[in-house]
Amino acid sequence: MGTANILNVIGAVLPFAVLIVFVLVNMAYLSYVERKIWGHIQARLGPMMTGWHGILQPIADGVKLLFKEDIIPAKADKWVFVISPLILLVMAIAGFAAIPFGPTMTVFGKQISFRLTDLNIGVLYIVALASVGTYGVIMAGWASNNKYSLLGGFRSAAQMISYEIPMAFAIICVALMAGSLNLTDIVNAQAQKWFIVALPVGPVIFIIYFIAGIAETNRAPFDLPEAENELVGGFFTEYTGMRFAMFFMAEYANMVIVSLLMSIMFMGGWMPVQIFPRWLAGNVPIGWINTGLRAIPPTFWLLGKLYFFIFLFSWIRMTLPRLRYDQLMSFSWKILLPLSLGTMLVTAYMKQMNWL
Amino acid sequence: MNKVKQLFKTIFFIEIAQGLALTFKTMITPAVTRQYPRVKRKPFPGSRGLHAMRRDETGKQGACIGCGLCEAVCPAKAITVVTTEGPNHEKLVNSYELDLLRCVFCGFCIDACPVSAILQTPEFELSCYSRNDAFYTKDRLIEVGDRFMGVKKGGV
């Protein structure tokens, strides 16, 4: 095997390794970052004891959970009980395969693309995976043989079905505006104007998608499936040790995916923020700020937007109380669904008339 | 008009934005947490913590005269004083026992004591590994007093 062969192998494996490391580090450290944010919002400090400002807390948690006893309840459906956290986690991680982290760039005369696959139905693929992930939740609730888990699972099923419809309509709107389901094409379509500022429909679509995204990931104020003070822990009440951790890893991975999709579909993906409009930039004395912002690598722009959304998620979680179950359902079916349908019609009409 | 205002508020998430602003304001203000085992707050003067007994003028024994007022006033019945008559018809304090597991740290015993024999120190870390450790005899109370006041004779 020559040097060129080895380089090829490394070139093929490296993107996977980098992506997996990125996902795992995110899953571990988002818990830490969130706890810090929650702490400070409640005028506390969050984790402080392990390492500098508690920086090693996720590692301590991971080691603790790994060595905990793995309990499977006697009356549980063992096979389903074991497989459901795996379904959830695998479906959450698999979504990363279709996400482009940056444009194709030429470095040292080599084409480097910051994605694993250039899927032409990328959005559809990710939404489909999210739907399959719901099965993990329902199966976990069912297999635990515990009424609280079962209630949590059922709530999750109903909630995900209700919120997937407005979410799908929002995605259809974006696909209409971009003319493609390919995430790279969607980003490229926003070169002139991000979809979030594409008046009049852009902000509405974004808000619909944002609300549905929170509900999809079971985050507060839509965290009824795991409502701690009603259902103990919801669908993962009976889980212990690493299986318990898997649910959290899946939750954080889902959160990252939803935030990434939001950045890509509405906030221009890896497009830099431009403070001044293009026609103005040449005429203002501080127009160089635009040039400076454009000099930041595109991937960092995407990651910055991603972490902004994740901060927004925990911020909202700490601010809003949980909805009642009937409020949750009526909000989805009576408000979001007609609104998203109407928005879709308006978007389609405007696209047809070339107004967008 | 009011309804229109309400609708406007609902559509543009005005109230949610107000809530978010409040939580953000809390986030950027310094946290109120004290890192307790590492950073300990100085107790306020006069705080009612662990009990101690003062030595009498001779410095050889506790200043307690065995009047039993603390035992009588104690609402939690934490104090037991046993006295007998000595050879010269004086009162001897055979035992003075304080059960911290019963004590409510109200400070009535300190108020009641006519000779200021029983006192309270600002010591507040009272955890112990056995029930016996929470059971303070006269000797232990004097020991605590020595720790906080020095072994000087008399006086508080």
# chains A, B, ... in the order shown; residues from 1 in each chain; ligands from 1

call {"tool": "select_by_dssp", "arguments": {"residues": "segment 19-108 of chain B", "states": "strand (DSSP E)", "output": "MDAnalysis selection string"}}
result
chainID B and resid 51:53 79:85 91:99

call {"tool": "write_last_selection", "arguments": {"atoms": "N, CA and C atoms", "output": "PDB file, in the first residue's frame"}}
result
ATOM      1  N   HIS B  51     -23.155  25.542  72.279  1.00  0.00           N
ATOM      2  CA  HIS B  51     -23.078  26.030  73.659  1.00  0.00           C
ATOM      3  C   HIS B  51     -21.660  25.877  74.207  1.00  0.00           C
ATOM      4  N   ALA B  52     -21.358  26.670  75.242  1.00  0.00           N
ATOM      5  CA  ALA B  52     -20.080  26.549  75.932  1.00  0.00           C
ATOM      6  C   ALA B  52     -20.315  26.894  77.395  1.00  0.00           C
ATOM      7  N   MET B  53     -19.400  26.410  78.247  1.00  0.00           N
ATOM      8  CA  MET B  53     -19.526  26.797  79.653  1.00  0.00           C
ATOM      9  C   MET B  53     -18.296  27.572  80.092  1.00  0.00           C
ATOM     10  N   ILE B  79     -31.710  20.162  78.463  1.00  0.00           N
ATOM     11  CA  ILE B  79     -30.713  20.293  79.529  1.00  0.00           C
ATOM     12  C   ILE B  79     -31.146  19.477  80.744  1.00  0.00           C
ATOM     13  N   THR B  80     -30.197  18.741  81.315  1.00  0.00           N
ATOM     14  CA  THR B  80     -30.455  18.011  82.553  1.00  0.00           C
ATOM     15  C   THR B  80     -29.376  18.399  83.563  1.00  0.00           C
ATOM     16  N   VAL B  81     -29.774  18.931  84.700  1.00  0.00           N
ATOM     17  CA  VAL B  81     -28.815  19.292  85.748  1.00  0.00           C
ATOM     18  C   VAL B  81     -29.102  18.416  86.961  1.00  0.00           C
ATOM     19  N   VAL B  82     -28.042  17.770  87.482  1.00  0.00           N
ATOM     20  CA  VAL B  82     -28.195  16.945  88.687  1.00  0.00           C
ATOM     21  C   VAL B  82     -27.320  17.548  89.787  1.00  0.00           C
ATOM     22  N   THR B  83     -27.927  17.853  90.891  1.00  0.00           N
ATOM     23  CA  THR B  83     -27.153  18.457  91.993  1.00  0.00           C
ATOM     24  C   THR B  83     -27.328  17.636  93.265  1.00  0.00           C
ATOM     25  N   THR B  84     -26.325  17.696  94.133  1.00  0.00           N
ATOM     26  CA  THR B  84     -26.423  17.066  95.455  1.00  0.00           C
ATOM     27  C   THR B  84     -25.895  18.045  96.507  1.00  0.00           C
ATOM     28  N   GLU B  85     -26.055  17.653  97.746  1.00  0.00           N
ATOM     29  CA  GLU B  85     -25.575  18.495  98.832  1.00  0.00           C
ATOM     30  C   GLU B  85     -24.165  18.067  99.206  1.00  0.00           C
ATOM     31  N   LYS B  91     -24.052  23.488  97.466  1.00  0.00           N
ATOM     32  CA  LYS B  91     -24.673  22.763  96.343  1.00  0.00           C
ATOM     33  C   LYS B  91     -23.580  22.289  95.399  1.00  0.00           C
ATOM     34  N   LEU B  92     -23.594  21.007  95.054  1.00  0.00           N
ATOM     35  CA  LEU B  92     -22.604  20.480  94.102  1.00  0.00           C
ATOM     36  C   LEU B  92     -23.301  20.141  92.785  1.00  0.00           C
ATOM     37  N   VAL B  93     -22.700  20.529  91.698  1.00  0.00           N
ATOM     38  CA  VAL B  93     -23.267  20.169  90.386  1.00  0.00           C
ATOM     39  C   VAL B  93     -22.662  18.834  89.979  1.00  0.00           C
ATOM     40  N   ASN B  94     -23.436  17.775  90.108  1.00  0.00           N
ATOM     41  CA  ASN B  94     -22.895  16.466  89.776  1.00  0.00           C
ATOM     42  C   ASN B  94     -22.753  16.280  88.276  1.00  0.00           C
ATOM     43  N   SER B  95     -23.793  16.682  87.554  1.00  0.00           N
ATOM     44  CA  SER B  95     -23.681  16.579  86.088  1.00  0.00           C
ATOM     45  C   SER B  95     -24.504  17.674  85.439  1.00  0.00           C
ATOM     46  N   TYR B  96     -23.995  18.116  84.322  1.00  0.00           N
ATOM     47  CA  TYR B  96     -24.724  19.110  83.531  1.00  0.00           C
ATOM     48  C   TYR B  96     -24.692  18.588  82.105  1.00  0.00           C
ATOM     49  N   GLU B  97     -25.836  18.171  81.606  1.00  0.00           N
ATOM     50  CA  GLU B  97     -25.835  17.513  80.302  1.00  0.00           C
ATOM     51  C   GLU B  97     -26.723  18.274  79.324  1.00  0.00           C
ATOM     52  N   LEU B  98     -26.213  18.404  78.119  1.00  0.00           N
ATOM     53  CA  LEU B  98     -26.959  19.122  77.072  1.00  0.00           C
ATOM     54  C   LEU B  98     -27.055  18.211  75.860  1.00  0.00           C
ATOM     55  N   ASP B  99     -28.287  17.935  75.444  1.00  0.00           N
ATOM     56  CA  ASP B  99     -28.495  17.078  74.274  1.00  0.00           C
ATOM     57  C   ASP B  99     -28.740  17.975  73.062  1.00  0.00           C
TER      58      ASP B  99
END

call {"tool": "closest_atom_pairs", "arguments": {"of": "chain A", "to": "chain B", "cutoff": "8 Å", "atoms": "only C-alpha atoms", "output": "tab-separated table"}}
result
residue	atom	partner	partner_atom	distance
A:Ile37	CA	B:Met27	CA	7.6
A:His40	CA	B:Met27	CA	4.7
A:Ile41	CA	B:Met27	CA	4.1
A:Gln42	CA	B:Thr26	CA	6.8
A:Ala43	CA	B:Ala31	CA	4.4
A:Arg44	CA	B:Ala31	CA	4.9
A:Leu45	CA	B:Ala31	CA	6.0
A:Trp315	CA	B:Leu20	CA	7.2
A:Ile316	CA	B:Leu20	CA	7.0
A:Met318	CA	B:Thr23	CA	7.5
A:Thr319	CA	B:Leu20	CA	6.0
A:Leu320	CA	B:Ile16	CA	7.7

call {"tool": "write_last_selection", "arguments": {"atoms": "N, CA and C atoms", "output": "PDB file, in the first residue's frame"}}
result
ATOM      1  N   ILE A  37     -25.994  27.967  32.157  1.00  0.00           N
ATOM      2  CA  ILE A  37     -26.949  29.012  31.774  1.00  0.00           C
ATOM      3  C   ILE A  37     -28.126  29.026  32.746  1.00  0.00           C
ATOM      4  N   HIS A  40     -27.090  30.552  36.089  1.00  0.00           N
ATOM      5  CA  HIS A  40     -26.949  32.002  36.117  1.00  0.00           C
ATOM      6  C   HIS A  40     -28.290  32.692  35.957  1.00  0.00           C
ATOM      7  N   ILE A  41     -29.209  32.084  35.199  1.00  0.00           N
ATOM      8  CA  ILE A  41     -30.529  32.700  35.060  1.00  0.00           C
ATOM      9  C   ILE A  41     -31.256  32.670  36.396  1.00  0.00           C
ATOM     10  N   GLN A  42     -30.973  31.668  37.221  1.00  0.00           N
ATOM     11  CA  GLN A  42     -31.602  31.606  38.543  1.00  0.00           C
ATOM     12  C   GLN A  42     -30.717  32.229  39.614  1.00  0.00           C
ATOM     13  N   ALA A  43     -29.775  33.080  39.210  1.00  0.00           N
ATOM     14  CA  ALA A  43     -28.858  33.760  40.137  1.00  0.00           C
ATOM     15  C   ALA A  43     -28.030  32.773  40.944  1.00  0.00           C
ATOM     16  N   ARG A  44     -27.749  31.606  40.348  1.00  0.00           N
ATOM     17  CA  ARG A  44     -26.838  30.639  40.959  1.00  0.00           C
ATOM     18  C   ARG A  44     -25.566  30.608  40.124  1.00  0.00           C
ATOM     19  N   LEU A  45     -24.696  29.660  40.421  1.00  0.00           N
ATOM     20  CA  LEU A  45     -23.455  29.565  39.654  1.00  0.00           C
ATOM     21  C   LEU A  45     -23.420  28.342  38.751  1.00  0.00           C
ATOM     22  N   TRP A 315     -32.662  29.489  27.298  1.00  0.00           N
ATOM     23  CA  TRP A 315     -33.214  30.748  27.805  1.00  0.00           C
ATOM     24  C   TRP A 315     -34.729  30.639  27.907  1.00  0.00           C
ATOM     25  N   ILE A 316     -35.356  30.137  26.839  1.00  0.00           N
ATOM     26  CA  ILE A 316     -36.806  29.997  26.836  1.00  0.00           C
ATOM     27  C   ILE A 316     -37.241  28.976  27.874  1.00  0.00           C
ATOM     28  N   MET A 318     -35.919  28.359  30.668  1.00  0.00           N
ATOM     29  CA  MET A 318     -35.866  28.933  32.003  1.00  0.00           C
ATOM     30  C   MET A 318     -36.905  30.021  32.214  1.00  0.00           C
ATOM     31  N   THR A 319     -37.505  30.518  31.119  1.00  0.00           N
ATOM     32  CA  THR A 319     -38.429  31.647  31.255  1.00  0.00           C
ATOM     33  C   THR A 319     -39.883  31.202  31.324  1.00  0.00           C
ATOM     34  N   LEU A 320     -40.258  30.268  30.441  1.00  0.00           N
ATOM     35  CA  LEU A 320     -41.681  29.977  30.292  1.00  0.00           C
ATOM     36  C   LEU A 320     -42.097  28.768  31.110  1.00  0.00           C
TER      37      LEU A 320
END

call {"tool": "select_by_dssp", "arguments": {"residues": "segment 12-41 of chain B", "states": "alpha helix (DSSP H)", "output": "count of residues only"}}
result
15

call {"tool": "residues_around", "arguments": {"residues": "segment 120-123 of chain B", "least_positions_apart": "5", "cutoff": "8 Å", "atoms": "only C-alpha atoms", "output": "list in words"}}
result
Pro43, Phe44, Pro45, Gly46, Ser47, Arg48, Gly49, Leu50, His51, Ala52, Gly107, Ile110 and Phe148 of chain B

call {"tool": "closest_residue", "arguments": {"among": "A:Pro166, A:Gly179, A:Pro225, A:Pro338", "to": "Ile138 of chain A", "atoms": "only C-alpha atoms"}}
result
A:Pro225

call {"tool": "closest_residue", "arguments": {"among": "A:Val174, A:Arg322, A:Gly268, A:Ile310", "to": "Tyr252 of chain A", "atoms": "only C-alpha atoms"}}
result
A:Ile310

call {"tool": "residues_around", "arguments": {"residues": "segment 156-161 of chain A", "least_positions_apart": "5", "cutoff": "8 Å", "atoms": "only C-alpha atoms", "output": "short mmCIF file (atom, residue, chain, number, x, y, z; two decimals) with N, CA and C atoms, in the first residue's frame"}}
result
data_model
loop_
_atom_site.label_atom_id
_atom_site.label_comp_id
_atom_site.auth_asym_id
_atom_site.auth_seq_id
_atom_site.Cartn_x
_atom_site.Cartn_y
_atom_site.Cartn_z
N SER A 131 -38.89 11.64 13.01
CA SER A 131 -40.15 10.91 13.23
C SER A 131 -39.88 9.50 13.73
N THR A 134 -39.24 9.21 17.38
CA THR A 134 -40.42 9.18 18.25
C THR A 134 -40.74 7.76 18.71
N TYR A 135 -40.51 6.78 17.81
CA TYR A 135 -40.77 5.40 18.18
C TYR A 135 -39.95 4.99 19.39
N VAL A 137 -39.14 6.84 21.87
CA VAL A 137 -39.80 7.38 23.06
C VAL A 137 -41.01 6.52 23.43
N ILE A 138 -41.85 6.22 22.42
CA ILE A 138 -43.07 5.46 22.70
C ILE A 138 -42.72 4.07 23.20
N ALA A 215 -41.10 21.88 20.31
CA ALA A 215 -42.01 20.79 20.65
C ALA A 215 -41.45 19.45 20.17
N GLU A 216 -40.81 19.44 19.01
CA GLU A 216 -40.23 18.20 18.48
C GLU A 216 -39.16 17.64 19.41
N ASN A 218 -38.98 18.03 22.54
CA ASN A 218 -39.51 17.84 23.90
C ASN A 218 -38.85 18.76 24.91
N LEU A 224 -43.90 18.07 28.05
CA LEU A 224 -44.87 17.24 28.74
C LEU A 224 -44.51 15.77 28.82
N PRO A 225 -43.84 15.18 27.79
CA PRO A 225 -43.50 13.76 27.90
C PRO A 225 -42.62 13.45 29.10
N LEU A 328 -51.56 22.69 24.80
CA LEU A 328 -50.56 22.24 23.84
C LEU A 328 -51.23 21.78 22.55
N MET A 329 -52.28 20.96 22.72
CA MET A 329 -52.94 20.40 21.55
C MET A 329 -53.71 21.47 20.79
#

call {"tool": "residues_around", "arguments": {"residues": "Ser340 of chain A", "least_positions_apart": "4", "cutoff": "12 Å", "atoms": "only C-alpha atoms", "output": "PyMOL selection string"}}
result
chain A and resi 163-174+201-209+211-212+332-336+344-347

call {"tool": "closest_residue", "arguments": {"among": "A:Phe81, A:Leu89, A:Asp61, A:Phe16", "to": "Ala250 of chain A", "atoms": "only C-alpha atoms"}}
result
A:Leu89

call {"tool": "atom_distance", "arguments": {"atom1": "atom CA of Tyr325 of chain A", "atom2": "atom CA of Phe236 of chain A"}}
result
19.2 Å
